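Participant: Sharing a structure here in structure tokens format.
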Amino acid sequence: MASSTSFSALKFSSSSNLLIPRSVSSPSAQQLFPFKSFNASPSHSLTLRSSTNCSFPKPARSLSFSCKAQSSPSDSPRPTEVQELHVYEINDRDRQSPAYLRLSQKSDNSLGDLVPFTNKIYTGNMEKRLGITAGLCVLIQNFPGKGDRYEAIYSFYFGDYGHISVQGAYLTYEETYLAITGGSGIFEGAYGQVKLQQIIFPFKLFYTFYLKGIKELPAELLGKPISPAPHVEPSPAAKACEPHAVISNFTD
């Protein structure tokens with residue numbers, strides 16, 4: 001390809017003699033190298049001049065940048081402070097609960113039997129009705145003369161405040177801990193664990209929630225809890241669901 005640049009002068013210089021072959025062994029080779037020898041003198045120099053100005057682009061500068069994460073106020077990390085919430089679960093035998101479904105088709109409690117249930121819940125000081133529990137237990141193992149081990153999945157409903165969901169081992173003969181798996185309303189994003197204490201199975205239970213990931217709990221849900229005991233009962237106003245003894249839109 002021809003070049004658009006013309007050269008006005010050509011000089012050649014060398015520190016040594018240029019050797020040009022005088023003969024080639026075959027005609028075909030001569031056809032491959034059709035050039036003529038010329039005399040080179042050390043006094044000659046090679047100089048290139050261009051009739052046009054050539055400019056070359058400067059090397060691109062290397063660019064560096066840093067990425068800084070920006071967060072909005074709503075992206076603040078979840079609270080890790082542990083908040084305790086105490087709840088009583090009471091079965092007044094007025095909700096047809098629990099129901100025992102013997103899927104094992106055996107007369108004794110056996111693996112696979114299901115127990116759906118729902119009970120009333122109250123604040124730890126027994127002064128306010130909160131709502132209900134609702135869930136399902138799957139029998140895992142029966143211990144004759146001792147009790148049963150269930151795998152439980154259920155929720156605690158707190159009216160307009162939302163609900164808390166839990167899952168884990170439910171033992172009829174001793175206290176146990178279940179995982180807090182989430183919630184809604186003010187309990188959205190909740191995690192942690194809840195301690196379950198059997199007082200009179202399946203009619204009276206006491207729960208201590210160790211909640212993380214949520215904002216400060218409303219004072220209405222708190223209060224000094226009454227120590228768990230078989231004789232403990234809700235206040236007459238809470239049992240009667242009087243307006244001052246219930247939370248807003250409590251689940252019934």
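Residues in the structure tokens are named by chain (A, B, ... in the order shown) and by number from 1 within that chain; ligands are numbered from 1 in the order shown.
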Find the residues around range 141-146 of chain A up to 9 Å (only C-alpha atoms counted), leave out those fewer than 4 positions away in its own chain, and share them as a JSON list (two decimals) with N, CA, C and O atoms, in the first residue's frame.
Facilitator:
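And here's selection23.json as it stands now:
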```json
[["chain", "number", "residue", "atom", "x", "y", "z"],
["A", 108, "ASP", "N", -51.69, -44.79, 70.96],
["A", 108, "ASP", "CA", -50.75, -44.00, 71.75],
["A", 108, "ASP", "C", -50.22, -42.83, 70.91],
["A", 108, "ASP", "O", -50.21, -42.90, 69.68],
["A", 109, "ASN", "N", -49.77, -41.78, 71.58],
["A", 109, "ASN", "CA", -49.14, -40.66, 70.87],
["A", 109, "ASN", "C", -47.94, -41.19, 70.09],
["A", 109, "ASN", "O", -47.03, -41.80, 70.67],
["A", 110, "SER", "N", -47.92, -40.93, 68.77],
["A", 110, "SER", "CA", -46.89, -41.51, 67.92],
["A", 110, "SER", "C", -46.42, -40.48, 66.90],
["A", 110, "SER", "O", -47.08, -39.47, 66.64],
["A", 111, "LEU", "N", -45.26, -40.77, 66.31],
["A", 111, "LEU", "CA", -44.65, -39.89, 65.33],
["A", 111, "LEU", "C", -45.63, -39.55, 64.21],
["A", 111, "LEU", "O", -46.27, -40.42, 63.63],
["A", 112, "GLY", "N", -45.73, -38.25, 63.92],
["A", 112, "GLY", "CA", -46.59, -37.80, 62.84],
["A", 112, "GLY", "C", -47.93, -37.28, 63.28],
["A", 112, "GLY", "O", -48.63, -36.62, 62.48],
["A", 150, "TYR", "N", -42.51, -32.21, 70.57],
["A", 150, "TYR", "CA", -43.12, -31.77, 69.33],
["A", 150, "TYR", "C", -42.17, -30.82, 68.61],
["A", 150, "TYR", "O", -41.32, -30.18, 69.22],
["A", 172, "THR", "N", -43.42, -31.03, 76.45],
["A", 172, "THR", "CA", -44.54, -30.93, 77.38],
["A", 172, "THR", "C", -44.11, -31.12, 78.83],
["A", 172, "THR", "O", -44.91, -30.89, 79.75],
["A", 173, "TYR", "N", -42.87, -31.51, 79.06],
["A", 173, "TYR", "CA", -42.43, -31.90, 80.40],
["A", 173, "TYR", "C", -41.33, -31.00, 80.97],
["A", 173, "TYR", "O", -40.96, -31.14, 82.14]]
```
Participant: What lies within 9 Å of range 214-223 of chain A using only C-alpha atoms, ignoring chain neighbours under 2 positions off, as a PyMOL selection string?
Facilitator: chain A and resi 78-81+83-87+123-125+128+130+186-191+211-212+225+247
Participant: Restricting it to N, CA, C and O atoms, dump the selection as a compact mmCIF listing (two decimals), in the first residue's frame.
Facilitator:
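What landed in out07.txt:
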```txt
# COMPACT_ATOMS: atom_id res chain seq x y z
N ARG A 78 -29.78 -2.96 61.77
CA ARG A 78 -30.82 -3.33 62.72
C ARG A 78 -30.28 -3.26 64.14
O ARG A 78 -29.13 -3.62 64.39
N PRO A 79 -31.12 -2.85 65.09
CA PRO A 79 -30.68 -2.82 66.49
C PRO A 79 -30.31 -4.22 66.96
O PRO A 79 -30.96 -5.21 66.62
N THR A 80 -29.25 -4.29 67.74
CA THR A 80 -28.83 -5.59 68.29
C THR A 80 -29.10 -5.69 69.78
O THR A 80 -28.80 -6.72 70.40
N GLU A 81 -29.63 -4.64 70.35
CA GLU A 81 -29.95 -4.67 71.78
C GLU A 81 -31.04 -5.70 72.05
O GLU A 81 -32.01 -5.81 71.30
N GLN A 83 -34.20 -7.04 73.95
CA GLN A 83 -35.34 -6.57 74.73
C GLN A 83 -36.16 -7.76 75.19
O GLN A 83 -36.44 -8.67 74.41
N GLU A 84 -36.53 -7.75 76.44
CA GLU A 84 -37.33 -8.84 77.00
C GLU A 84 -38.81 -8.49 76.96
O GLU A 84 -39.21 -7.37 77.26
N LEU A 85 -39.59 -9.47 76.56
CA LEU A 85 -41.05 -9.34 76.53
C LEU A 85 -41.63 -10.59 77.17
O LEU A 85 -41.30 -11.71 76.77
N HIS A 86 -42.50 -10.40 78.15
CA HIS A 86 -43.09 -11.53 78.88
C HIS A 86 -44.56 -11.69 78.51
O HIS A 86 -45.31 -10.71 78.45
N VAL A 87 -44.93 -12.92 78.26
CA VAL A 87 -46.29 -13.21 77.79
C VAL A 87 -46.79 -14.49 78.47
O VAL A 87 -46.06 -15.48 78.56
N THR A 123 -50.37 -9.93 78.90
CA THR A 123 -49.08 -9.36 79.29
C THR A 123 -48.53 -10.12 80.49
O THR A 123 -49.26 -10.82 81.20
N GLY A 124 -47.23 -9.94 80.72
CA GLY A 124 -46.59 -10.66 81.82
C GLY A 124 -47.11 -10.31 83.19
O GLY A 124 -47.01 -11.12 84.12
N ASN A 125 -47.71 -9.11 83.33
CA ASN A 125 -48.29 -8.74 84.62
C ASN A 125 -49.77 -9.11 84.72
O ASN A 125 -50.45 -8.79 85.69
N LYS A 128 -53.37 -7.00 80.90
CA LYS A 128 -53.96 -6.69 79.61
C LYS A 128 -54.04 -7.92 78.72
O LYS A 128 -53.12 -8.74 78.68
N LEU A 130 -53.71 -9.41 75.17
CA LEU A 130 -52.91 -9.07 73.99
C LEU A 130 -53.50 -9.60 72.70
O LEU A 130 -53.48 -8.94 71.67
N ILE A 186 -44.61 -3.74 64.35
CA ILE A 186 -43.44 -3.29 65.12
C ILE A 186 -42.42 -4.41 65.31
O ILE A 186 -41.29 -4.17 65.72
N PHE A 187 -42.83 -5.63 64.99
CA PHE A 187 -41.94 -6.79 65.15
C PHE A 187 -41.27 -7.20 63.83
O PHE A 187 -40.61 -8.25 63.77
N GLU A 188 -41.44 -6.40 62.79
CA GLU A 188 -40.81 -6.72 61.51
C GLU A 188 -39.29 -6.76 61.67
O GLU A 188 -38.69 -5.85 62.22
N GLY A 189 -38.68 -7.81 61.18
CA GLY A 189 -37.23 -7.97 61.29
C GLY A 189 -36.77 -8.55 62.61
O GLY A 189 -35.56 -8.65 62.85
N ALA A 190 -37.70 -8.94 63.47
CA ALA A 190 -37.32 -9.48 64.78
C ALA A 190 -36.60 -10.81 64.64
O ALA A 190 -36.90 -11.62 63.77
N TYR A 191 -35.62 -11.02 65.51
CA TYR A 191 -34.94 -12.31 65.60
C TYR A 191 -34.50 -12.50 67.05
O TYR A 191 -34.61 -11.59 67.87
N LEU A 211 -35.79 -10.44 72.31
CA LEU A 211 -35.97 -9.88 70.97
C LEU A 211 -34.80 -9.01 70.55
O LEU A 211 -34.31 -8.18 71.33
N LYS A 212 -34.38 -9.18 69.30
CA LYS A 212 -33.37 -8.32 68.68
C LYS A 212 -33.91 -7.82 67.34
O LYS A 212 -34.84 -8.40 66.78
N PRO A 225 -43.35 -8.66 85.29
CA PRO A 225 -44.12 -9.90 85.16
C PRO A 225 -44.38 -10.56 86.51
O PRO A 225 -43.60 -10.43 87.46
N ILE A 247 -55.30 -4.31 74.32
CA ILE A 247 -54.58 -3.46 73.37
C ILE A 247 -55.48 -3.19 72.17
O ILE A 247 -56.48 -3.88 71.97
```
Participant: What does the structure give for the distance between CA of Ser165 in chain A and CA of Gly135 in chain A, in Å to one decimal?
Facilitator: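 If I compute the distance from CA of Ser165 in chain A to CA of Gly135 in chain A, I get 9.4 Å.
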Participant: Compile a residue-level contact table for range 81-164 of chain A against range 175-178 of chain A at a cut-off of 10 Å, reporting for every qualifying residue the shortest atom pair and its distance in Å to one decimal, with only C-alpha atoms counted, rows ordered by chain and ascending number, as CSV.
Facilitator:
```
residue,atom,partner,partner_atom,distance
A:Glu151,CA,A:Leu178,CA,9.7
A:Ala152,CA,A:Leu178,CA,8.6
A:Ile153,CA,A:Leu178,CA,9.4
```
Participant: Please compute the CA of Glu242 in chain A-CA of Ala229 in chain A distance, one decimal, in Å.
Facilitator: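 Result for CA of Glu242 in chain A versus CA of Ala229 in chain A: 24.5 Å, one decimal.
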Participant: Pick the closest to Asn91 in chain A from A:Ile226, A:Ile132, A:Val115, A:Ala237: which is it, counting only C-alpha atoms?
Facilitator: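 Smallest separation from Asn91 in chain A among the options: A:Ile132.
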Participant: When distances are computed from only C-alpha atoms, which of A:Gly182, A:Phe203, A:Lys224, A:Arg129 shows the smallest separation from Pro98 in chain A?
Facilitator: A:Phe203
